[in-house]
Structure formats: structure tokens, C-alpha cells
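Visitor: Sharing query-v3.cif, mmCIF, C-alpha atoms:
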data_target
loop_
_atom_site.label_atom_id
_atom_site.label_comp_id
_atom_site.auth_asym_id
_atom_site.auth_seq_id
_atom_site.Cartn_x
_atom_site.Cartn_y
_atom_site.Cartn_z
CA MET A 1 -52.50 39.35 8.87
CA TRP A 2 -53.17 35.71 9.77
CA ARG A 3 -55.95 36.77 12.16
CA LYS A 4 -57.76 38.45 9.26
CA VAL A 5 -57.43 35.33 7.11
CA VAL A 6 -58.87 33.05 9.80
CA LEU A 7 -61.67 35.52 10.57
CA ALA A 8 -62.60 35.74 6.87
CA PHE A 9 -62.69 31.94 6.70
CA MET A 10 -65.08 31.68 9.66
CA VAL A 11 -67.30 34.55 8.48
CA SER A 12 -67.70 32.99 5.02
CA VAL A 13 -68.84 29.71 6.60
CA ALA A 14 -71.44 31.51 8.72
CA ALA A 15 -72.72 33.63 5.83
CA LEU A 16 -73.18 30.77 3.38
CA ALA A 17 -75.03 28.75 6.02
CA GLN A 18 -78.10 30.86 5.22
CA GLU A 19 -78.15 29.78 1.56
CA VAL A 20 -78.04 25.98 1.55
CA PRO A 21 -80.32 24.65 -1.23
CA PRO A 22 -82.71 21.75 -0.72
CA GLY A 23 -82.08 18.46 -2.48
CA VAL A 24 -80.91 14.92 -2.06
CA ASP A 25 -77.63 13.91 -0.45
CA ALA A 26 -75.40 12.91 -3.35
CA ALA A 27 -71.89 11.42 -3.63
CA SER A 28 -72.05 9.24 -0.53
CA PHE A 29 -68.92 7.40 -1.71
CA ALA A 30 -66.91 10.61 -1.18
CA ARG A 31 -67.68 10.57 2.57
CA ILE A 32 -66.27 7.09 3.26
CA GLY A 33 -62.69 8.33 3.66
CA ILE A 34 -59.25 7.50 2.30
CA GLY A 35 -55.95 6.28 3.76
CA GLY A 36 -55.53 3.11 5.78
CA TRP A 37 -54.13 4.87 8.84
CA ALA A 38 -56.85 7.54 8.86
CA LEU A 39 -59.58 4.89 8.63
CA SER A 40 -57.91 2.83 11.37
CA LEU A 41 -58.44 5.83 13.65
CA GLY A 42 -62.14 5.95 12.84
CA GLY A 43 -61.75 8.93 10.49
CA ALA A 44 -60.77 11.23 13.39
CA TYR A 45 -58.12 12.71 11.12
CA VAL A 46 -58.88 16.41 10.58
CA ALA A 47 -56.29 17.45 13.18
CA LEU A 48 -53.77 14.80 12.04
CA ALA A 49 -53.99 15.25 8.27
CA GLU A 50 -50.68 14.90 6.43
CA GLY A 51 -49.32 13.62 3.13
CA PRO A 52 -51.47 13.33 -0.02
CA THR A 53 -54.60 12.37 1.95
CA ALA A 54 -54.53 15.79 3.64
CA GLY A 55 -56.11 17.08 0.44
CA TYR A 56 -59.18 15.06 1.46
CA TRP A 57 -59.20 15.37 5.27
CA ASN A 58 -57.79 18.87 5.79
CA PRO A 59 -55.79 20.64 3.05
CA ALA A 60 -54.07 22.81 5.66
CA GLY A 61 -52.00 19.73 6.59
CA LEU A 62 -50.20 19.92 3.25
CA ALA A 63 -48.12 22.82 4.59
CA ASN A 64 -46.16 20.28 6.70
CA LEU A 65 -44.97 18.36 3.63
CA SER A 66 -41.44 19.21 2.47
CA LEU A 67 -40.84 16.17 0.22
CA PHE A 68 -42.75 14.47 -2.62
CA SER A 69 -45.23 11.77 -1.66
CA MET A 70 -47.43 9.38 -3.63
CA GLU A 71 -50.15 7.15 -2.22
CA GLY A 72 -52.60 4.51 -3.44
CA MET A 73 -55.46 2.55 -1.87
CA TYR A 74 -57.94 -0.18 -2.77
CA THR A 75 -60.80 -2.05 -1.13
CA ASN A 76 -63.65 -4.33 -2.15
CA TRP A 77 -66.21 -2.21 -0.31
CA LEU A 78 -68.48 -4.29 1.97
CA SER A 79 -67.04 -7.39 0.25
CA ALA A 80 -69.81 -6.84 -2.32
CA GLY A 81 -67.83 -6.39 -5.54
CA ILE A 82 -67.81 -2.58 -5.21
CA HIS A 83 -64.33 -1.45 -6.23
CA TYR A 84 -63.13 1.63 -4.33
CA GLN A 85 -59.70 2.99 -5.23
CA HIS A 86 -57.63 6.10 -4.56
CA VAL A 87 -54.42 7.60 -5.96
CA GLY A 88 -52.80 10.74 -4.57
CA LEU A 89 -49.72 12.90 -5.21
CA ALA A 90 -48.43 15.75 -3.05
CA GLY A 91 -45.38 18.00 -2.78
CA TYR A 92 -42.56 18.67 -5.23
CA PRO A 93 -40.37 15.97 -6.80
CA PRO A 94 -36.61 16.55 -6.88
CA LEU A 95 -35.19 17.71 -10.20
CA GLY A 96 -31.54 16.77 -10.07
CA GLU A 97 -30.07 18.31 -6.92
CA HIS A 98 -32.85 20.86 -6.58
CA ARG A 99 -36.46 20.66 -5.40
CA PRO A 100 -38.50 23.52 -6.90
CA GLN A 101 -41.30 25.04 -4.86
CA LEU A 102 -43.91 27.61 -5.74
CA ARG A 103 -44.06 30.62 -3.42
CA LEU A 104 -46.45 33.50 -3.04
CA GLY A 105 -44.04 36.19 -1.90
CA GLU A 106 -42.21 34.53 1.00
CA VAL A 107 -44.97 31.97 1.63
CA PRO A 108 -44.34 28.43 0.30
CA ILE A 109 -47.36 26.65 -1.17
CA THR A 110 -47.68 22.86 -1.27
CA PHE A 111 -50.05 21.20 -3.76
CA ALA A 112 -51.77 17.81 -3.88
CA LEU A 113 -53.86 15.96 -6.43
CA ASN A 114 -56.15 13.11 -5.37
CA TRP A 115 -58.44 10.84 -7.38
CA LEU A 116 -61.16 8.68 -5.79
CA SER A 117 -63.15 6.24 -7.87
CA VAL A 118 -65.93 3.75 -7.19
CA THR A 119 -66.79 1.15 -9.83
CA VAL A 120 -69.82 -1.12 -9.60
CA PRO A 121 -69.76 -3.72 -12.42
CA ASP A 122 -72.39 -6.16 -13.70
CA ILE A 123 -75.49 -4.26 -12.59
CA PRO A 124 -78.53 -6.07 -14.05
CA TRP A 125 -80.59 -4.11 -16.58
CA ILE A 126 -83.63 -4.87 -18.77
CA GLU A 127 -83.55 -2.94 -22.02
CA GLU A 128 -86.63 -1.53 -23.78
CA GLY A 129 -87.11 -4.67 -25.86
CA GLY A 130 -87.15 -6.83 -22.72
CA GLU A 131 -83.64 -8.13 -23.30
CA PHE A 132 -81.59 -8.70 -20.16
CA SER A 133 -78.11 -7.15 -19.92
CA THR A 134 -75.71 -5.59 -17.45
CA PHE A 135 -73.90 -2.28 -17.15
CA THR A 136 -71.14 -0.69 -15.07
CA ALA A 137 -71.53 2.47 -12.98
CA TRP A 138 -68.61 4.83 -12.30
CA SER A 139 -68.30 7.60 -9.73
CA ASN A 140 -65.20 9.79 -9.62
CA LEU A 141 -63.92 12.61 -7.46
CA PHE A 142 -60.87 14.70 -8.39
CA ILE A 143 -59.39 16.94 -5.68
CA LEU A 144 -56.79 19.64 -6.35
CA SER A 145 -55.51 21.08 -3.06
CA ALA A 146 -53.09 23.69 -1.78
CA GLY A 147 -51.82 24.36 1.74
CA TRP A 148 -49.59 27.08 3.15
CA PRO A 149 -48.33 28.34 6.54
CA LEU A 150 -49.75 31.46 8.18
CA ARG A 151 -47.53 31.52 11.26
CA GLU A 152 -44.55 29.53 12.53
CA GLU A 153 -44.91 29.58 16.33
CA PRO A 154 -47.37 28.39 17.41
CA LYS A 155 -47.87 26.82 14.02
CA LEU A 156 -50.93 27.92 12.04
CA GLN A 157 -51.74 26.68 8.53
CA MET A 158 -54.52 27.01 5.99
CA GLY A 159 -55.57 25.12 2.87
CA VAL A 160 -58.23 24.88 0.17
CA SER A 161 -59.39 22.12 -2.18
CA LEU A 162 -61.16 22.33 -5.51
CA LYS A 163 -63.30 19.24 -6.13
CA ILE A 164 -64.74 17.87 -9.37
CA TYR A 165 -67.45 15.19 -9.20
CA HIS A 166 -68.22 13.05 -12.24
CA ASP A 167 -70.53 10.04 -12.55
CA ARG A 168 -71.44 7.76 -15.43
CA ILE A 169 -74.52 5.52 -15.36
CA LEU A 170 -75.81 4.10 -18.65
CA GLU A 171 -76.29 7.13 -20.93
CA GLY A 172 -76.28 9.59 -18.07
CA ARG A 173 -73.33 11.78 -17.09
CA SER A 174 -72.97 14.14 -14.14
CA LEU A 175 -70.71 17.03 -13.23
CA GLY A 176 -70.29 19.03 -10.04
CA ILE A 177 -67.66 21.46 -8.75
CA GLY A 178 -67.16 21.97 -5.01
CA LEU A 179 -64.84 23.71 -2.58
CA ASP A 180 -63.30 22.68 0.75
CA ALA A 181 -61.30 24.81 3.16
CA GLY A 182 -59.44 24.07 6.38
CA ILE A 183 -57.20 25.46 9.08
CA LEU A 184 -54.75 23.64 11.36
CA TRP A 185 -53.21 24.96 14.57
CA GLU A 186 -50.41 23.24 16.46
CA THR A 187 -48.70 24.05 19.75
CA THR A 188 -46.77 22.32 22.54
CA VAL A 189 -48.20 21.89 26.02
CA ARG A 190 -45.74 20.61 28.65
CA GLY A 191 -43.66 18.96 25.97
CA GLN A 192 -46.62 17.24 24.27
CA VAL A 193 -48.02 18.22 20.85
CA LEU A 194 -51.57 19.54 20.65
CA ARG A 195 -53.22 19.97 17.23
CA VAL A 196 -56.62 21.49 16.42
CA GLY A 197 -58.21 21.31 12.98
CA LEU A 198 -61.34 22.81 11.41
CA THR A 199 -62.66 22.05 7.93
CA THR A 200 -65.69 22.88 5.87
CA THR A 201 -66.38 20.52 2.96
CA ASP A 202 -68.51 21.20 -0.11
CA LEU A 203 -68.92 24.79 0.96
CA GLY A 204 -72.47 26.02 0.33
CA SER A 205 -73.56 22.49 -0.74
CA THR A 206 -72.08 21.35 -4.06
CA THR A 207 -74.49 21.12 -7.01
CA ILE A 208 -74.24 18.01 -9.23
CA ARG A 209 -76.07 18.26 -12.56
CA TRP A 210 -76.98 15.26 -14.68
CA TYR A 211 -77.02 15.19 -18.48
CA GLY A 212 -78.31 12.66 -21.00
CA THR A 213 -80.83 11.04 -18.68
CA THR A 214 -84.56 11.42 -18.01
CA GLY A 215 -85.34 14.82 -16.52
CA ASN A 216 -81.63 15.73 -16.16
CA PRO A 217 -81.97 15.92 -12.36
CA VAL A 218 -79.93 18.12 -10.03
CA ASN A 219 -78.47 16.66 -6.82
CA TYR A 220 -76.61 18.25 -3.93
CA VAL A 221 -73.61 17.09 -1.91
CA PRO A 222 -74.21 17.95 1.78
CA TRP A 223 -72.17 20.75 3.29
CA LEU A 224 -70.28 19.42 6.33
CA VAL A 225 -68.28 21.14 9.06
CA ARG A 226 -65.72 19.11 10.98
CA ALA A 227 -63.79 20.16 14.09
CA GLY A 228 -61.08 17.94 15.55
CA VAL A 229 -58.42 17.85 18.22
CA ALA A 230 -55.43 15.50 18.55
CA LEU A 231 -52.73 14.86 21.16
CA LEU A 232 -49.33 13.39 20.26
CA LEU A 233 -47.79 12.14 23.49
CA TRP A 234 -44.38 10.83 24.53
CA GLU A 235 -42.44 11.80 21.41
CA ASN A 236 -45.43 10.98 19.18
CA ARG A 237 -45.57 7.39 20.41
CA VAL A 238 -49.24 7.75 21.48
CA VAL A 239 -51.92 9.36 19.32
CA LEU A 240 -55.33 10.41 20.67
CA ALA A 241 -57.84 12.06 18.33
CA LEU A 242 -61.42 13.34 18.59
CA LEU A 243 -63.61 14.70 15.79
CA GLY A 244 -67.09 16.22 15.70
CA GLU A 245 -68.97 16.38 12.39
CA ARG A 246 -72.13 18.29 11.52
CA GLY A 247 -74.19 18.86 8.38
CA VAL A 248 -75.10 22.49 7.73
CA GLU A 249 -78.91 22.57 7.54
CA ARG A 250 -78.89 18.90 6.56
CA PRO A 251 -80.18 16.45 9.18
CA ARG A 252 -78.69 13.08 10.12
CA PHE A 253 -75.05 13.95 9.50
CA GLU A 254 -74.02 14.66 13.09
CA ARG A 255 -71.43 12.20 14.36
CA ILE A 256 -68.47 11.78 16.70
CA ARG A 257 -65.26 10.02 15.65
CA VAL A 258 -62.63 8.84 18.13
CA GLY A 259 -59.24 7.31 17.41
CA ALA A 260 -56.19 6.09 19.34
CA GLY A 261 -52.86 4.80 18.10
CA LEU A 262 -49.49 3.48 19.24
CA GLN A 263 -46.53 4.37 17.01
CA PHE A 264 -43.28 2.42 17.22
CA ASP A 265 -40.11 2.59 15.12
CA TRP A 266 -41.40 0.46 12.24
CA VAL A 267 -45.04 -0.37 13.03
CA SER A 268 -48.08 1.57 14.26
CA LEU A 269 -51.36 0.16 15.63
CA GLY A 270 -54.65 2.06 15.58
CA VAL A 271 -58.27 1.66 16.69
CA GLY A 272 -61.27 3.94 16.26
CA TRP A 273 -64.98 4.42 16.73
CA ASN A 274 -67.43 6.20 14.41
CA GLN A 275 -70.70 7.06 16.18
CA PRO A 276 -73.63 8.78 14.37
CA LEU A 277 -75.65 11.01 16.70
CA PHE A 278 -79.00 9.69 15.50
CA ASP A 279 -80.77 6.35 15.36
CA GLU A 280 -77.96 4.35 13.76
CA PRO A 281 -75.39 2.01 15.31
CA GLY A 282 -71.74 3.02 15.56
CA GLN A 283 -68.83 1.26 13.89
CA TRP A 284 -65.45 0.32 15.27
CA THR A 285 -62.33 0.20 13.15
CA ALA A 286 -58.81 -1.13 13.54
CA GLY A 287 -55.63 -1.33 11.53
CA LEU A 288 -51.88 -1.08 11.35
CA ARG A 289 -49.16 0.77 9.47
CA LEU A 290 -45.82 -0.77 8.57
CA HIS A 291 -43.05 1.79 7.99
CA PRO A 292 -39.69 -0.03 8.09
CA TRP A 293 -38.08 2.69 5.95
CA PRO A 294 -38.56 6.49 6.02
CA TRP A 295 -39.53 6.45 2.33
CA ALA A 296 -42.18 3.69 2.33
CA ALA A 297 -45.24 2.68 4.34
CA LEU A 298 -47.91 -0.02 3.98
CA GLU A 299 -51.26 0.48 5.74
CA TYR A 300 -54.18 -1.85 6.46
CA ALA A 301 -57.57 -1.00 7.94
CA TYR A 302 -60.48 -3.25 8.89
CA LEU A 303 -64.03 -1.85 8.92
CA PRO A 304 -66.70 -4.39 9.94
CA GLY A 305 -70.32 -3.73 9.12
CA PRO A 306 -73.77 -5.36 9.12
CA LEU A 307 -73.84 -5.37 5.30
CA GLY A 308 -70.33 -6.75 4.95
CA ASP A 309 -66.75 -6.19 6.07
CA SER A 310 -64.24 -3.98 4.27
CA HIS A 311 -60.49 -4.55 4.15
CA TRP A 312 -58.52 -1.46 3.11
CA LEU A 313 -54.96 -1.71 1.80
CA SER A 314 -52.92 1.39 1.02
CA PHE A 315 -49.27 2.28 0.41
CA ARG A 316 -47.18 5.44 0.43
CA PHE A 317 -43.80 6.32 -1.06
CA THR A 318 -41.92 9.49 -0.13
CA PHE A 319 -38.78 10.88 -1.72
#
Mind turning this structure into C-alpha cells?
Guide:
Amino acid sequence: MWRKVVLAFMVSVAALAQEVPPGVDAASFARIGIGGWALSLGGAYVALAEGPTAGYWNPAGLANLSLFSMEGMYTNWLSAGIHYQHVGLAGYPPLGEHRPQLRLGEVPITFALNWLSVTVPDIPWIEEGGEFSTFTAWSNLFILSAGWPLREEPKLQMGVSLKIYHDRILEGRSLGIGLDAGILWETTVRGQVLRVGLTTTDLGSTTIRWYGTTGNPVNYVPWLVRAGVALLLWENRVVLALLGERGVERPRFERIRVGAGLQFDWVSLGVGWNQPLFDEPGQWTAGLRLHPWPWAALEYAYLPGPLGDSHWLSFRFTF
């Protein structure tokens, strides 16, 4: 049965590749990434996805979550007064001594809800009468995800995400609905954990329609395919991750992401590299994760850039 599910997933990706519409590349904020640890590893996280942020990186990773987890993140993007924030919930909270879980037959399903928002305040604006004023622009992405196991040994999981895009600029409003899907395979090779992940984001290229503005334009979010592999060595003390990313019939989205991390009892250190495969310089990243208790973690990531540096701070609680 699981072979048919995976085959259907791959066939649908290939079939829709023939129907990608033209248009501009919208919602760039949604491709920055979320989670301090994931960004520390350069975004090479498709094969490592877990917790609430799995709904963004690879919803198949939600199938590994047996508890309830909540996460938040904030950065002043590029140190330019661009406020980027994220809140995510995943799993099932305990109700008394029980923890309810939705099942489809014998298959447990784990859900996640993520919200990403970018706010740009005090944008200068000259009104029709020549009067100077300012306005604030909002961009939001809501992601509802589900992940479930297909096979126990070697482990195979699948997940999907429903995405809602919404922007607000002056009198204009936008709305777009997209779909992501992912699979995650895990096995053990000579005592070390090997994980392989594949995702397709904004399947078929998500359409974003504007209302209340001149011309009511239509934009498109690029359809991306990401394939990643990760090794967890020496009882998960060492993490090595590699990710390849490609835009389906959209140029200038090909890139390679590489990440490496050291995980100790209460602290983890990570570095990464994000290299576009066209005429654009790469970017290195670094960060750390503090996890002194099993139920709490604090993460920090540093992303330098020619336009300004970004400092990402995120937290996670699990219970």
C-alpha cells in the first residue's frame, strides 16, 4: 500500500510540472525559513524536520511527534526594521491523564498549525493631494499540516500542508491557497541513522489574487522541489545535512544547502552554507540551541548579509 502512495505522490509532481503558469515570483518572505536550529544549519532541514516547524520544512516529519509542542520566533530582518515573526503548534495536548489522538483506521495522524508574518511599518507615501504620510504593510502565511506513518521499519512517513497567503498594502488585499507535500524515509546503516526527505512546495505554483487595488493583479508563488539527506552519527551527537532545491519551470531558484551540527546534553552548535546555483553569492549561517530540560529549548541563529545582518531568536516548549 505504501508503495502506491509514494508512487502517486511522485506521479502527481511530474504531471503538474507541465502546467506551471507564467507570472511573477510572489511571497518571497515565505522562503526565508523558520526555526533557529533549522536556519543555523543553512536551511538543510527537509530530512531533519521535526516539531511544529516540520509543517513548513517537511510535514512528513510531524509523524515523529508524540507530545504537544509550541514554538515562537522573531527577528528584525536585515536589521532594517522589518519584523518577521512565527508561532507554531503541533501534536495533541494532554487532557487530564489522557492524550487524545485522531486516527484514520489504525494510522495515527499528527497535526500542526503555523503562522508566519512580516510587518513593514512607516513606509513613506504621498497621497493624491500631495500630503506626505506613512503606511504599514502586512504579509501573512497560515499553514495547516498533517503527517502520518506509512511503514515502521525502515521508517517511512508522509505529510501534506494547506497554505493560506494574505497580504495587506494600503487599500489592497490579497489571498492565495497553496499545497505542500512531503515524504521522509529513515533507516539505520551500521548503527548510524540515515534520513532522506523529499518535498514539493506550492504544488502547481500557488495563485495569489489581489483585490481593492489598481488592476487587481494576479501573482504566483514559485513551485519548488527540495530533496535532502541527513546523517545522525554517534548517538545523534553529530548532524550532517545536504539539500538540493529547484524551481519547477522557474529559473534562478536552484541552490544547494549544507549544514553540520554538534549536539551535546544541553547545548547544540550548528553551521551552514546556502549557495544559489546562479550568479549570486552564497551565505553562511551559524547558531546554537540551548536545551537544559527535555521540555524547553532556546535557539539562536545568525545570518550575515550584504544588506544587513539578521539575528533570529526562537523558543520551544514541549509537554
Visitor: Running the PyMOL selection byres ((chain A and resi 68-77) around 6) on this model by hand, what would come out? Give it as a list in words.
Guide: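 Given this file, the PyMOL selection byres ((chain A and resi 68-77) around 6) evaluates to Leu67, Leu78, Ser79, Gly81, Ile82, His83, Tyr84, Gln85, His86, Val87, Gly88, Leu89, Ala90, Gly91, Tyr92, Pro93, Ser310, His311, Trp312, Leu313, Ser314, Phe315, Arg316, Phe317, Thr318 and Phe319 of chain A.
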Visitor: Once you have the residues from the selection above, write them out as a PDB file, in the frame of the given file, restricted to C-alpha atoms.
Guide:
ATOM      1  CA  LEU A  67     -40.840  16.170   0.220  1.00  0.00           C
ATOM      2  CA  LEU A  78     -68.480  -4.290   1.970  1.00  0.00           C
ATOM      3  CA  SER A  79     -67.040  -7.390   0.250  1.00  0.00           C
ATOM      4  CA  GLY A  81     -67.830  -6.390  -5.540  1.00  0.00           C
ATOM      5  CA  ILE A  82     -67.810  -2.580  -5.210  1.00  0.00           C
ATOM      6  CA  HIS A  83     -64.330  -1.450  -6.230  1.00  0.00           C
ATOM      7  CA  TYR A  84     -63.130   1.630  -4.330  1.00  0.00           C
ATOM      8  CA  GLN A  85     -59.700   2.990  -5.230  1.00  0.00           C
ATOM      9  CA  HIS A  86     -57.630   6.100  -4.560  1.00  0.00           C
ATOM     10  CA  VAL A  87     -54.420   7.600  -5.960  1.00  0.00           C
ATOM     11  CA  GLY A  88     -52.800  10.740  -4.570  1.00  0.00           C
ATOM     12  CA  LEU A  89     -49.720  12.900  -5.210  1.00  0.00           C
ATOM     13  CA  ALA A  90     -48.430  15.750  -3.050  1.00  0.00           C
ATOM     14  CA  GLY A  91     -45.380  18.000  -2.780  1.00  0.00           C
ATOM     15  CA  TYR A  92     -42.560  18.670  -5.230  1.00  0.00           C
ATOM     16  CA  PRO A  93     -40.370  15.970  -6.800  1.00  0.00           C
ATOM     17  CA  SER A 310     -64.240  -3.980   4.270  1.00  0.00           C
ATOM     18  CA  HIS A 311     -60.490  -4.550   4.150  1.00  0.00           C
ATOM     19  CA  TRP A 312     -58.520  -1.460   3.110  1.00  0.00           C
ATOM     20  CA  LEU A 313     -54.960  -1.710   1.800  1.00  0.00           C
ATOM     21  CA  SER A 314     -52.920   1.390   1.020  1.00  0.00           C
ATOM     22  CA  PHE A 315     -49.270   2.280   0.410  1.00  0.00           C
ATOM     23  CA  ARG A 316     -47.180   5.440   0.430  1.00  0.00           C
ATOM     24  CA  PHE A 317     -43.800   6.320  -1.060  1.00  0.00           C
ATOM     25  CA  THR A 318     -41.920   9.490  -0.130  1.00  0.00           C
ATOM     26  CA  PHE A 319     -38.780  10.880  -1.720  1.00  0.00           C
TER      27      PHE A 319
END
Visitor: Which value, in Å to one decimal, gives the distance between CA of Ala112 (chain A) and CA of Gly61 (chain A)?
Guide: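 CA of Gly61 (chain A) lies 10.6 Å from CA of Ala112 (chain A).
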Visitor: What does the distance from CA of Val120 (chain A) to CA of Gly287 (chain A) come to in Å, to one decimal?
Guide: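 Between CA of Val120 (chain A) and CA of Gly287 (chain A) the gap works out to 25.5 Å.
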Visitor: Kindly give the distance, in Å, that separates CA of Leu156 (chain A) and CA of Ala60 (chain A), rounded to a single decimal.
Guide: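 Between these atoms lies a distance of 8.8 Å.
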Visitor: Let me make sure I understand: among A:Glu152, A:Gln101, A:Phe278, A:Ile169, which one has the smallest atom-to-atom distance to Pro121 (chain A) if we use only C-alpha atoms?
Guide: A:Ile169
Visitor: Just want the 10 Å neighbourhood of Glu153 (chain A), counted on all atoms listed in the file, with same-chain residues fewer than 6 positions away dropped. Output as a list of chain:residue names.
Guide: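 Residues meeting the cut-off are A:Trp185, A:Glu186, A:Thr187, A:Thr188.
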Visitor: From the set A:Glu50, A:Glu254, A:Asp180, A:Asp25, which residue has the shortest atom-to-atom contact distance to Thr200 (chain A), counting all atoms listed in the file?
Guide: A:Asp180
Visitor: Anything within 7 Å of (-57.1, 4.7, 16.7): list those residues as an MDAnalysis selection string, counting only C-alpha atoms and sticking to the file's coordinates.
Guide: chainID A and resid 40:42 259:261 270:272 286
Visitor: Could you write those residues out with C-alpha atoms, as a PDB file, in the coordinates of the input?
Guide:
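Output (part-v7.pdb):
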ATOM      1  CA  SER A  40     -57.910   2.830  11.370  1.00  0.00           C
ATOM      2  CA  LEU A  41     -58.440   5.830  13.650  1.00  0.00           C
ATOM      3  CA  GLY A  42     -62.140   5.950  12.840  1.00  0.00           C
ATOM      4  CA  GLY A 259     -59.240   7.310  17.410  1.00  0.00           C
ATOM      5  CA  ALA A 260     -56.190   6.090  19.340  1.00  0.00           C
ATOM      6  CA  GLY A 261     -52.860   4.800  18.100  1.00  0.00           C
ATOM      7  CA  GLY A 270     -54.650   2.060  15.580  1.00  0.00           C
ATOM      8  CA  VAL A 271     -58.270   1.660  16.690  1.00  0.00           C
ATOM      9  CA  GLY A 272     -61.270   3.940  16.260  1.00  0.00           C
ATOM     10  CA  ALA A 286     -58.810  -1.130  13.540  1.00  0.00           C
TER      11      ALA A 286
END
Visitor: Can you give me, as a PyMOL selection string, the residues this file yields under the PyMOL selection byres ((chain A and resi 201) around 7)?
Guide: chain A and resi 179-181+199-200+202-203+223-225
Visitor: Determine the residue set returned by the PyMOL selection byres ((chain A and resi 257) around 7) for the present structure, and present it as a PyMOL selection string.
Guide: chain A and resi 42-44+242-244+255-256+258-259+273-275
Visitor: Using only C-alpha atoms, what residues lie at most 9 Å away from (-66.9, -1.1, 7.6) (file coordinates), given as a PyMOL selection string?
Guide: chain A and resi 77-78+283-285+302-311
Visitor: Have a look at A:Ala146, A:Leu298, A:Ala26, A:Leu170 and name the one nearest to Pro108 (chain A); count all atoms listed in the file.
Guide: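 Looking only at the distances to Pro108 (chain A), the closest residue turns out to be A:Ala146.
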Visitor: Please identify all polymer residues within 12 Å of Glu106 (chain A), counting only C-alpha atoms, omitting same-chain residues fewer than 3 positions from it, and present them as a PyMOL selection string.
Guide: chain A and resi 101-103+109+148-151
Visitor: So that I can check the surroundings of Asp265 (chain A), please list as a VMD selection string every protein, DNA and RNA residue that reaches within 12 Å of it, counting all atoms listed in the file and ignoring chain neighbours fewer than 6 positions away.
Guide: chain A and resid 235 to 237 289 to 294 297
Visitor: With distances taken over only C-alpha atoms, which of A:Ile208, A:Met158, A:Ile126, A:Val218 is nearest to Pro59 (chain A)?
Guide: A:Met158
Visitor: Of the candidates A:Leu277, A:Val196, A:Ile32, A:Ala227, which one gets nearest to Phe253 (chain A) if we count only C-alpha atoms?
Guide: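 Comparing A:Leu277, A:Val196, A:Ile32, A:Ala227 against Phe253 (chain A), the winner is A:Leu277.
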Visitor: Box for region 280-299 of chain A: with edges along x, y and z, all listed atoms inside and 3 Å added on each side, what are the centre and edge lengths in Å to one decimal, as AutoDock Vina command-line options?
Guide:
--center_x -58.0 --center_y 2.6 --center_z 8.9 --size_x 45.9 --size_y 13.8 --size_z 19.2
Visitor: Have a look at A:Val46, A:Ile34, A:Leu141, A:Val238 and name the one nearest to Leu184 (chain A); count all atoms listed in the file.
Guide: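 Under the stated criterion, the closest residue is A:Val46.
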